[in-house]
Structure formats: structure tokens, C-alpha cells
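Visitor: Quick one, model-v6.cif (mmCIF, C-alpha atoms):
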```cif
data_work
loop_
_atom_site.group_PDB
_atom_site.id
_atom_site.type_symbol
_atom_site.label_atom_id
_atom_site.label_comp_id
_atom_site.auth_asym_id
_atom_site.auth_seq_id
_atom_site.Cartn_x
_atom_site.Cartn_y
_atom_site.Cartn_z
ATOM 1 C CA MET A 1 -29.819 12.783 -15.319
ATOM 2 C CA PRO A 2 -33.093 13.692 -13.515
ATOM 3 C CA THR A 3 -33.041 13.627 -9.740
ATOM 4 C CA ILE A 4 -33.407 10.129 -8.299
ATOM 5 C CA THR A 5 -35.170 9.838 -4.965
ATOM 6 C CA SER A 6 -34.670 6.926 -2.594
ATOM 7 C CA ALA A 7 -37.448 5.216 -0.663
ATOM 8 C CA ASP A 8 -37.061 7.519 2.364
ATOM 9 C CA GLY A 9 -37.109 10.660 0.215
ATOM 10 C CA THR A 10 -33.337 11.199 0.114
ATOM 11 C CA ARG A 11 -32.072 12.832 -3.067
ATOM 12 C CA LEU A 12 -29.385 10.854 -4.901
ATOM 13 C CA ASP A 13 -26.880 12.384 -7.281
ATOM 14 C CA VAL A 14 -25.776 10.003 -10.043
ATOM 15 C CA THR A 15 -23.050 10.432 -12.678
ATOM 16 C CA SER A 16 -23.586 8.517 -15.926
ATOM 17 C CA THR A 17 -21.273 7.800 -18.849
ATOM 18 C CA GLY A 18 -21.049 5.407 -21.798
ATOM 19 C CA SER A 19 -23.624 3.459 -23.791
ATOM 20 C CA GLY A 20 -25.143 0.005 -23.651
ATOM 21 C CA PRO A 21 -26.764 -1.958 -20.804
ATOM 22 C CA GLY A 22 -26.788 -0.177 -17.468
ATOM 23 C CA LEU A 23 -24.229 -0.912 -14.755
ATOM 24 C CA VAL A 24 -24.693 0.797 -11.380
ATOM 25 C CA VAL A 25 -21.597 1.417 -9.218
ATOM 26 C CA ILE A 26 -21.687 1.759 -5.411
ATOM 27 C CA PRO A 27 -18.524 3.491 -4.073
ATOM 28 C CA GLY A 28 -16.671 2.389 -0.962
ATOM 29 C CA GLY A 29 -15.894 4.168 2.301
ATOM 30 C CA LEU A 30 -14.150 7.564 2.116
ATOM 31 C CA ARG A 31 -14.954 7.568 -1.598
ATOM 32 C CA ARG A 32 -16.932 9.926 -3.818
ATOM 33 C CA SER A 33 -18.456 9.141 -7.206
ATOM 34 C CA HIS A 34 -15.652 10.955 -9.057
ATOM 35 C CA HIS A 35 -13.109 8.460 -7.712
ATOM 36 C CA TYR A 36 -14.637 5.893 -10.103
ATOM 37 C CA ARG A 37 -14.464 8.100 -13.186
ATOM 38 C CA ARG A 38 -11.582 6.145 -14.761
ATOM 39 C CA LEU A 39 -13.331 2.825 -14.044
ATOM 40 C CA ALA A 40 -16.508 4.146 -15.662
ATOM 41 C CA GLU A 41 -14.634 5.510 -18.674
ATOM 42 C CA SER A 42 -12.851 2.178 -19.136
ATOM 43 C CA LEU A 43 -16.231 0.410 -19.278
ATOM 44 C CA ALA A 44 -18.026 3.077 -21.322
ATOM 45 C CA ASP A 45 -17.475 1.259 -24.617
ATOM 46 C CA SER A 46 -19.794 -1.572 -23.544
ATOM 47 C CA ARG A 47 -21.893 -0.238 -20.656
ATOM 48 C CA THR A 48 -23.764 2.837 -19.521
ATOM 49 C CA VAL A 49 -22.157 3.255 -16.108
ATOM 50 C CA HIS A 50 -24.153 5.014 -13.394
ATOM 51 C CA VAL A 51 -22.023 5.893 -10.354
ATOM 52 C CA ILE A 52 -23.975 6.714 -7.204
ATOM 53 C CA GLU A 53 -22.895 9.634 -5.047
ATOM 54 C CA ARG A 54 -23.687 7.878 -1.797
ATOM 55 C CA ARG A 55 -25.790 9.673 0.805
ATOM 56 C CA GLY A 56 -23.779 12.033 2.966
ATOM 57 C CA ARG A 57 -21.628 13.059 0.007
ATOM 58 C CA GLY A 58 -21.708 15.874 -2.554
ATOM 59 C CA ASP A 59 -25.176 16.782 -3.820
ATOM 60 C CA SER A 60 -26.823 13.664 -2.420
ATOM 61 C CA GLY A 61 -28.863 13.962 0.755
ATOM 62 C CA PRO A 62 -27.650 13.278 4.325
ATOM 63 C CA PRO A 63 -27.327 9.782 5.831
ATOM 64 C CA GLY A 64 -30.395 10.440 7.977
ATOM 65 C CA PRO A 65 -31.134 9.440 11.578
ATOM 66 C CA GLY A 66 -32.125 5.890 10.656
ATOM 67 C CA TYR A 67 -28.984 5.100 8.682
ATOM 68 C CA SER A 68 -28.406 1.393 8.067
ATOM 69 C CA ILE A 69 -27.412 -0.992 5.300
ATOM 70 C CA GLU A 70 -31.079 -0.939 4.298
ATOM 71 C CA ARG A 71 -30.789 2.747 3.345
ATOM 72 C CA GLU A 72 -27.851 1.925 1.051
ATOM 73 C CA VAL A 73 -29.833 -0.955 -0.437
ATOM 74 C CA GLU A 74 -32.836 1.276 -1.053
ATOM 75 C CA ASP A 75 -30.599 3.871 -2.706
ATOM 76 C CA ALA A 76 -29.122 1.310 -5.089
ATOM 77 C CA LEU A 77 -32.536 -0.155 -5.863
ATOM 78 C CA ALA A 78 -33.853 3.327 -6.680
ATOM 79 C CA VAL A 79 -30.968 3.928 -9.111
ATOM 80 C CA LEU A 80 -31.284 0.489 -10.695
ATOM 81 C CA THR A 81 -34.993 1.099 -11.283
ATOM 82 C CA ALA A 82 -34.673 4.695 -12.504
ATOM 83 C CA THR A 83 -31.912 3.813 -14.985
ATOM 84 C CA GLY A 84 -33.348 0.466 -16.080
ATOM 85 C CA SER A 85 -30.084 -1.211 -15.095
ATOM 86 C CA GLY A 86 -29.688 -4.878 -14.263
ATOM 87 C CA GLU A 87 -25.990 -5.009 -13.356
ATOM 88 C CA LEU A 88 -24.309 -3.862 -10.161
ATOM 89 C CA PHE A 89 -20.710 -3.253 -9.059
ATOM 90 C CA GLY A 90 -19.743 -2.567 -5.451
ATOM 91 C CA HIS A 91 -16.370 -1.768 -3.914
ATOM 92 C CA SER A 92 -15.462 -2.370 -0.260
ATOM 93 C CA TYR A 93 -18.347 -1.043 1.874
ATOM 94 C CA GLY A 94 -20.199 -0.521 -1.389
ATOM 95 C CA GLY A 95 -19.596 -4.209 -2.101
ATOM 96 C CA LEU A 96 -21.274 -5.123 1.178
ATOM 97 C CA ALA A 97 -24.256 -2.997 0.154
ATOM 98 C CA ALA A 98 -24.290 -4.624 -3.293
ATOM 99 C CA LEU A 99 -24.481 -8.106 -1.766
ATOM 100 C CA HIS A 100 -27.486 -7.025 0.273
ATOM 101 C CA VAL A 101 -29.104 -5.547 -2.840
ATOM 102 C CA ALA A 102 -28.737 -8.989 -4.424
ATOM 103 C CA LEU A 103 -30.562 -10.481 -1.427
ATOM 104 C CA ARG A 104 -33.508 -8.235 -2.286
ATOM 105 C CA ARG A 105 -33.497 -8.382 -6.083
ATOM 106 C CA ASP A 106 -32.223 -10.698 -8.801
ATOM 107 C CA LEU A 107 -29.572 -8.991 -10.909
ATOM 108 C CA THR A 108 -28.371 -9.803 -14.409
ATOM 109 C CA ARG A 109 -24.802 -9.708 -13.058
ATOM 110 C CA LEU A 110 -23.237 -8.766 -9.731
ATOM 111 C CA VAL A 111 -19.560 -7.830 -9.323
ATOM 112 C CA VAL A 112 -17.959 -6.997 -5.971
ATOM 113 C CA TYR A 113 -14.367 -5.965 -5.319
ATOM 114 C CA GLU A 114 -13.286 -6.929 -1.805
ATOM 115 C CA PRO A 115 -16.673 -6.350 -0.169
ATOM 116 C CA ALA A 116 -16.392 -5.400 3.510
ATOM 117 C CA VAL A 117 -18.049 -8.572 4.759
ATOM 118 C CA SER A 118 -17.274 -9.743 8.280
ATOM 119 C CA LEU A 119 -17.332 -13.535 8.586
ATOM 120 C CA ASN A 120 -17.018 -14.953 12.091
ATOM 121 C CA GLY A 121 -15.438 -11.776 13.443
ATOM 122 C CA SER A 122 -12.978 -11.258 10.587
ATOM 123 C CA ILE A 123 -13.285 -7.457 10.781
ATOM 124 C CA ASP A 124 -11.821 -6.064 13.986
ATOM 125 C CA THR A 125 -13.422 -2.744 14.986
ATOM 126 C CA THR A 126 -11.725 -2.361 18.384
ATOM 127 C CA PHE A 127 -9.917 0.689 16.956
ATOM 128 C CA LEU A 128 -13.227 2.574 16.661
ATOM 129 C CA PRO A 129 -13.425 4.229 20.150
ATOM 130 C CA GLU A 130 -9.922 5.668 19.764
ATOM 131 C CA PHE A 131 -10.748 6.784 16.225
ATOM 132 C CA GLU A 132 -13.851 8.622 17.464
ATOM 133 C CA ARG A 133 -11.973 10.216 20.387
ATOM 134 C CA ARG A 134 -9.345 11.630 18.064
ATOM 135 C CA LEU A 135 -11.976 12.784 15.587
ATOM 136 C CA ALA A 136 -13.968 14.528 18.348
ATOM 137 C CA ARG A 137 -10.808 16.400 19.405
ATOM 138 C CA GLY A 138 -10.230 17.589 15.863
ATOM 139 C CA ARG A 139 -7.195 15.360 15.391
ATOM 140 C CA SER A 140 -7.971 14.211 11.876
ATOM 141 C CA ALA A 141 -4.459 12.929 11.155
ATOM 142 C CA GLY A 142 -4.448 10.810 14.308
ATOM 143 C CA ALA A 143 -7.921 9.510 13.467
ATOM 144 C CA MET A 144 -6.836 8.586 9.953
ATOM 145 C CA ALA A 145 -3.715 6.819 11.222
ATOM 146 C CA THR A 146 -5.852 4.908 13.738
ATOM 147 C CA PHE A 147 -8.223 3.829 10.965
ATOM 148 C CA LEU A 148 -5.434 2.697 8.620
ATOM 149 C CA THR A 149 -3.561 0.719 11.278
ATOM 150 C CA GLY A 150 -6.765 -0.614 12.845
ATOM 151 C CA LEU A 151 -7.865 -2.240 9.596
ATOM 152 C CA GLY A 152 -4.413 -3.392 8.551
ATOM 153 C CA PHE A 153 -3.809 -0.983 5.694
ATOM 154 C CA ALA A 154 -0.719 0.211 7.550
ATOM 155 C CA PRO A 155 1.073 -2.618 9.423
ATOM 156 C CA VAL A 156 1.327 -2.043 13.174
ATOM 157 C CA GLY A 157 4.815 -2.263 14.650
ATOM 158 C CA VAL A 158 6.663 -1.809 11.374
ATOM 159 C CA VAL A 159 6.609 1.991 11.690
ATOM 160 C CA PRO A 160 5.986 3.957 14.923
ATOM 161 C CA MET A 161 2.486 5.417 15.244
ATOM 162 C CA PRO A 162 3.750 9.042 15.322
ATOM 163 C CA VAL A 163 5.296 8.460 11.904
ATOM 164 C CA TYR A 164 1.981 7.157 10.530
ATOM 165 C CA THR A 165 0.235 10.172 12.052
ATOM 166 C CA ALA A 166 2.710 12.576 10.450
ATOM 167 C CA PHE A 167 2.271 10.839 7.110
ATOM 168 C CA ALA A 168 -1.525 11.000 7.481
ATOM 169 C CA TRP A 169 -1.268 14.730 8.263
ATOM 170 C CA PHE A 170 0.693 15.274 5.081
ATOM 171 C CA LEU A 171 -1.822 13.296 3.006
ATOM 172 C CA LEU A 172 -4.762 15.223 4.461
ATOM 173 C CA GLN A 173 -3.287 18.495 3.184
ATOM 174 C CA THR A 174 -3.677 17.449 -0.459
ATOM 175 C CA PRO A 175 -6.935 18.110 -2.364
ATOM 176 C CA GLU A 176 -7.742 14.393 -2.146
ATOM 177 C CA GLY A 177 -6.830 14.386 1.531
ATOM 178 C CA ARG A 178 -9.037 17.362 2.348
ATOM 179 C CA GLU A 179 -11.941 15.479 0.817
ATOM 180 C CA ASN A 180 -11.072 12.407 2.887
ATOM 181 C CA ARG A 181 -10.963 14.566 6.009
ATOM 182 C CA GLU A 182 -14.510 15.758 5.297
ATOM 183 C CA LEU A 183 -15.671 12.145 4.967
ATOM 184 C CA LEU A 184 -13.980 10.799 8.117
ATOM 185 C CA PRO A 185 -17.162 11.331 10.207
ATOM 186 C CA THR A 186 -19.021 8.864 7.957
ATOM 187 C CA LEU A 187 -16.746 5.976 8.961
ATOM 188 C CA PRO A 188 -18.042 5.136 12.468
ATOM 189 C CA ALA A 189 -21.597 4.451 11.289
ATOM 190 C CA GLU A 190 -20.335 2.323 8.391
ATOM 191 C CA CYS A 191 -17.986 0.364 10.655
ATOM 192 C CA ARG A 192 -20.824 -0.317 13.083
ATOM 193 C CA VAL A 193 -23.075 -1.476 10.261
ATOM 194 C CA THR A 194 -20.335 -3.815 9.036
ATOM 195 C CA ALA A 195 -19.681 -5.235 12.517
ATOM 196 C CA GLY A 196 -23.412 -5.578 13.152
ATOM 197 C CA LEU A 197 -23.753 -7.740 10.047
ATOM 198 C CA ASP A 198 -21.024 -10.156 11.183
ATOM 199 C CA SER A 199 -22.190 -13.741 10.690
ATOM 200 C CA ASP A 200 -21.176 -17.137 9.399
ATOM 201 C CA GLY A 201 -22.129 -15.854 5.952
ATOM 202 C CA SER A 202 -24.938 -18.335 5.383
ATOM 203 C CA ARG A 203 -27.317 -15.477 4.506
ATOM 204 C CA TYR A 204 -25.387 -14.937 1.264
ATOM 205 C CA ALA A 205 -26.350 -18.405 0.044
ATOM 206 C CA ALA A 206 -29.685 -16.805 -0.875
ATOM 207 C CA ILE A 207 -28.077 -14.697 -3.635
ATOM 208 C CA GLY A 208 -29.272 -16.091 -6.937
ATOM 209 C CA SER A 209 -27.506 -13.690 -9.318
ATOM 210 C CA PRO A 210 -24.412 -14.656 -11.325
ATOM 211 C CA THR A 211 -21.636 -13.119 -9.237
ATOM 212 C CA LEU A 212 -17.958 -12.268 -9.625
ATOM 213 C CA ILE A 213 -15.933 -11.688 -6.454
ATOM 214 C CA ILE A 214 -12.559 -10.002 -7.001
ATOM 215 C CA ALA A 215 -9.664 -9.676 -4.562
ATOM 216 C CA GLY A 216 -6.234 -8.076 -4.771
ATOM 217 C CA GLY A 217 -3.134 -9.906 -3.613
ATOM 218 C CA ARG A 218 -1.702 -6.776 -1.962
ATOM 219 C CA SER A 219 -4.694 -6.131 0.299
ATOM 220 C CA PRO A 220 -4.756 -6.828 4.060
ATOM 221 C CA GLU A 221 -4.785 -10.514 4.891
ATOM 222 C CA TRP A 222 -8.239 -10.480 6.501
ATOM 223 C CA LEU A 223 -9.743 -9.115 3.290
ATOM 224 C CA ARG A 224 -7.983 -11.722 1.153
ATOM 225 C CA ARG A 225 -9.096 -14.502 3.484
ATOM 226 C CA VAL A 226 -12.787 -13.590 3.372
ATOM 227 C CA GLN A 227 -13.297 -13.369 -0.403
ATOM 228 C CA PRO A 228 -12.752 -17.041 -1.422
ATOM 229 C CA ARG A 229 -14.910 -18.121 1.507
ATOM 230 C CA LEU A 230 -17.647 -15.763 0.349
ATOM 231 C CA ALA A 231 -17.380 -17.186 -3.157
ATOM 232 C CA GLU A 232 -18.012 -20.649 -1.713
ATOM 233 C CA LEU A 233 -21.169 -19.391 0.001
ATOM 234 C CA VAL A 234 -22.744 -17.590 -2.981
ATOM 235 C CA PRO A 235 -24.189 -20.332 -5.238
ATOM 236 C CA HIS A 236 -23.363 -18.838 -8.647
ATOM 237 C CA ALA A 237 -20.143 -17.042 -7.773
ATOM 238 C CA ARG A 238 -16.720 -16.980 -9.367
ATOM 239 C CA TYR A 239 -13.633 -15.801 -7.560
ATOM 240 C CA ALA A 240 -10.726 -13.962 -9.158
ATOM 241 C CA LEU A 241 -7.499 -13.028 -7.369
ATOM 242 C CA LEU A 242 -5.284 -10.407 -9.001
ATOM 243 C CA PRO A 243 -1.955 -10.743 -7.155
ATOM 244 C CA GLU A 244 -0.568 -7.370 -8.216
ATOM 245 C CA LEU A 245 -3.557 -5.263 -7.117
ATOM 246 C CA ASP A 246 -4.457 -3.645 -3.808
ATOM 247 C CA HIS A 247 -7.707 -2.629 -2.129
ATOM 248 C CA ASN A 248 -7.951 0.648 -4.015
ATOM 249 C CA ALA A 249 -7.476 -0.806 -7.471
ATOM 250 C CA PRO A 250 -11.008 0.093 -8.740
ATOM 251 C CA ASP A 251 -10.831 3.750 -7.727
ATOM 252 C CA GLN A 252 -7.162 4.633 -7.656
ATOM 253 C CA SER A 253 -4.321 2.298 -8.535
ATOM 254 C CA ALA A 254 -5.600 0.076 -11.368
ATOM 255 C CA PRO A 255 -9.127 0.918 -12.584
ATOM 256 C CA ALA A 256 -8.407 -0.193 -16.158
ATOM 257 C CA ALA A 257 -7.263 -3.655 -15.007
ATOM 258 C CA VAL A 258 -10.374 -4.060 -12.870
ATOM 259 C CA ALA A 259 -12.530 -2.833 -15.761
ATOM 260 C CA ASP A 260 -11.043 -5.480 -18.086
ATOM 261 C CA LEU A 261 -12.039 -8.250 -15.695
ATOM 262 C CA VAL A 262 -15.479 -6.762 -15.088
ATOM 263 C CA ARG A 263 -16.101 -6.354 -18.823
ATOM 264 C CA ALA A 264 -15.109 -9.965 -19.510
ATOM 265 C CA PHE A 265 -17.558 -11.199 -16.895
ATOM 266 C CA LEU A 266 -20.408 -8.942 -18.000
ATOM 267 C CA THR A 267 -20.044 -9.487 -21.731
ATOM 268 C CA THR A 268 -18.671 -13.010 -22.144
ATOM 269 C CA ASP A 269 -19.066 -14.532 -18.667
ATOM 270 C CA ASP A 270 -15.317 -15.104 -18.774
ATOM 271 C CA ALA A 271 -13.720 -14.632 -15.370
ATOM 272 C CA GLU A 272 -12.122 -17.845 -14.296
ATOM 273 C CA ALA A 273 -11.080 -18.339 -10.692
ATOM 274 C CA ARG A 274 -7.334 -17.859 -10.205
#
```
Can you dump the structure from the file as C-alpha cells?

Guide:
Amino acid sequence: MPTITSADGTRLDVTSTGSGPGLVVIPGGLRRSHHYRRLAESLADSRTVHVIERRGRGDSGPPGPGYSIEREVEDALAVLTATGSGELFGHSYGGLAALHVALRRDLTRLVVYEPAVSLNGSIDTTFLPEFERRLARGRSAGAMATFLTGLGFAPVGVVPMPVYTAFAWFLLQTPEGRENRELLPTLPAECRVTAGLDSDGSRYAAIGSPTLIIAGGRSPEWLRRVQPRLAELVPHARYALLPELDHNAPDQSAPAAVADLVRAFLTTDDAEAR
């Protein structure tokens, strides 16, 4: 695909697969475009899937000094326009960006998997100073453990913190882990953007696009609590809970299952609330 340039001049790398109407995918935090390869391949029979390599990753340009949710929105808008796509999928932080895209532009369909939306303080970022201290000292494993426990992906008190840190160290030695380690410095800015957008959620009532909001039953409680509330706020939204899935279902643990639900919504508008 030819180079796509965002509104501020940042180069965007995009991976495309499949045939049919265009669906743009915005990856989540600590994720690269290749993490959504299996999701894209599962949808390739009915959609041309364009996965954005978000700024600060791979061959895309840097975040830039004025990084904000608006830069992510502009990136997605540039890809939607360049590819002629009308559908958008966002995961986690990418889901937050996708919602804000829908505030700027009407979409044919919008799908978000556990968007990182903070409603009335639901996302607790008090872990961030400690995370940044550990990162600045080169203690990537400690920083990762702080991030996972701080956001509830690893329950505090069940296992001692040194054990989490040791486990994080082990994970960061794998090829996937080394990539995560390289992306750890992107987290503080994204967390601050998320916290800065905390609200009662009323802004999302302005989304006019048909929307599917998906949650996994094995995700942290604060994530599961926010999604049905968000579905109540978005006028044309449906909410689907998949009890057996976790937060990384689209990119890691169950991309085919997520793709089945997404395909049903995009092609038949069949995604009943559960």
C-alpha cells in the first residue's frame, strides 16, 4: 500500500489483507499491527482489513511533541480516507481512539473491544509515577509488573510483588516480551491521555454510527463495568459480553471468536446483547 500521511505529516504504515468493504483496525497499548494478523485473516473472507501501525511503532513515524488523542484520531481518519473504508475496529486504547473518530465522522459501522474509557474515575492511574521511576532506572520487569498490577491484570495481594516482577522478567526475555519492552515508554503518554479524558461519558451520546461494544468476562472488573454503561450512552450501540474471553482476545487468545462476532455485526447486523 502507498504511504499514508496523517494531518501533521506523520508517516503511517498500514498492513492490508482480504477483499470486500474496508475495515480499519486501531491496535491497543503495547501492541503492534502484526498482533492483529489472525483477526485480519479471520475477517479476510468478507472484508479488506487495514491494520494501522500506530505512531511510535515500526515504520510509522514518532508520536511527536504534541501527542494527544487527536493525533490518533487524525491517523485513523487519514487511513479511512486513503483506503475508502467506512468501518472501524478499535481495541483497548485503540478503542478509545475509535470512539473519538466516531465523534468526528459518521462510520458505516463501529466496533470496539473493551475501549479504555474512564467513566467517573473508573481508570486508576496512581501506579504511573512508580511505573515511570522503574522505567527511568532501566527496571523494565518492575515497570511491567507495576503496570499489570496497577490496572488489575494481575491481582494485588494474591501473589507477592517480587514474584510478579520475576514473572515479568521472564516474559520480557521472549521475542514478544522484547517487543513489549521497547513499547513500555509509550504507556505513560497513553495513560495520561486516558485519564485526561475521564468524564461522565455524556460526550459519547454524540456518536451517530451503528456501534458494537464487546467485553470479555475474564477481564478486570473495572473494564467489565464500564462497557455496558458506555453502551447505554451511545445511541445506536449494542453490547455483547463473551464470558470466556479476556482483554487480549482480539490480538492473542481468541481472535477467531472475536472475528465471528464482528463479522456478524458488519454483515448481518446480528450481535445481540448478552

Visitor: So how many Å separate CA of Arg238 in chain A and CA of Gly29 in chain A, to one decimal?

Guide: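 According to the coordinates, CA of Arg238 in chain A and CA of Gly29 in chain A are separated by 24.2 Å.
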
Visitor: Which residue out of A:Gly84, A:Pro185, A:Gly20, A:Pro115 has the minimum interatomic distance to Gly138 in chain A when only C-alpha atoms are used?

Guide: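 Checking each of A:Gly84, A:Pro185, A:Gly20, A:Pro115 against Gly138 in chain A, counting only C-alpha atoms, the winner is A:Pro185.
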
Visitor: Here's the selection I'm unsure about, the PyMOL selection byres ((chain A and resi 66-83) around 9); applied to the file above, which residues does it give, as an MDAnalysis selection string?

Guide: chainID A and resid 4:8 10 12 14 22:26 50 52 54:55 63:65 84:88 94 96:98 100:101 104:105 189:190 193:194

Visitor: Between CA of Ser122 in chain A and CA of Ser209 in chain A, what is the distance, to one decimal in Å?

Guide: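 Atom-to-atom, CA of Ser122 in chain A to CA of Ser209 in chain A, that is 24.8 Å.
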
Visitor: Which residues of range 98-127 of chain A sit at most 10 Å from range 196-203 of chain A, using all atoms listed in the file? Give each one's shortest atom pair and distance in Å (one decimal place), in chain and ascending residue order, as JSON lines.

Guide:
```
{"residue": "A:His100", "atom": "CA", "partner": "A:Arg203", "partner_atom": "CA", "distance": 9.5}
{"residue": "A:Leu103", "atom": "CA", "partner": "A:Arg203", "partner_atom": "CA", "distance": 8.4}
{"residue": "A:Val117", "atom": "CA", "partner": "A:Asp198", "partner_atom": "CA", "distance": 7.3}
{"residue": "A:Ser118", "atom": "CA", "partner": "A:Asp198", "partner_atom": "CA", "distance": 4.8}
{"residue": "A:Leu119", "atom": "CA", "partner": "A:Ser199", "partner_atom": "CA", "distance": 5.3}
{"residue": "A:Asn120", "atom": "CA", "partner": "A:Asp200", "partner_atom": "CA", "distance": 5.4}
{"residue": "A:Gly121", "atom": "CA", "partner": "A:Asp198", "partner_atom": "CA", "distance": 6.2}
{"residue": "A:Ser122", "atom": "CA", "partner": "A:Asp198", "partner_atom": "CA", "distance": 8.1}
{"residue": "A:Ile123", "atom": "CA", "partner": "A:Asp198", "partner_atom": "CA", "distance": 8.2}
```

Visitor: Residue by residue, what does the PyMOL selection byres ((chain A and resi 143) around 12) grab here? Present the result as a count of residues only.

Guide: 38

Visitor: Considering all atoms listed in the file, can you say which of A:Asp106, A:Asp45, A:Asp13, A:Glu176 comes closest to Gly61 in chain A?

Guide: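 Nearest to Gly61 in chain A: A:Asp13.
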
Visitor: Select from range 196-218 of chain A every residue with an atom at most 8 Å from any atom of range 224-234 of chain A, then for each give the shortest pair of atoms and their distance in Å to one decimal, using only C-alpha atoms, rows by chain and rising number, as a tab-separated table.

Guide:
```
residue	atom	partner	partner_atom	distance
A:Gly201	CA	A:Leu233	CA	7.0
A:Ser202	CA	A:Leu233	CA	6.7
A:Tyr204	CA	A:Val234	CA	5.7
A:Ala205	CA	A:Val234	CA	4.8
A:Ala206	CA	A:Val234	CA	7.3
A:Ile207	CA	A:Val234	CA	6.1
A:Gly208	CA	A:Val234	CA	7.8
A:Thr211	CA	A:Val234	CA	7.8
A:Ile213	CA	A:Ala231	CA	6.6
A:Ile214	CA	A:Gln227	CA	7.4
A:Ala215	CA	A:Arg224	CA	6.3
A:Gly216	CA	A:Arg224	CA	7.2
A:Gly217	CA	A:Arg224	CA	7.0
```
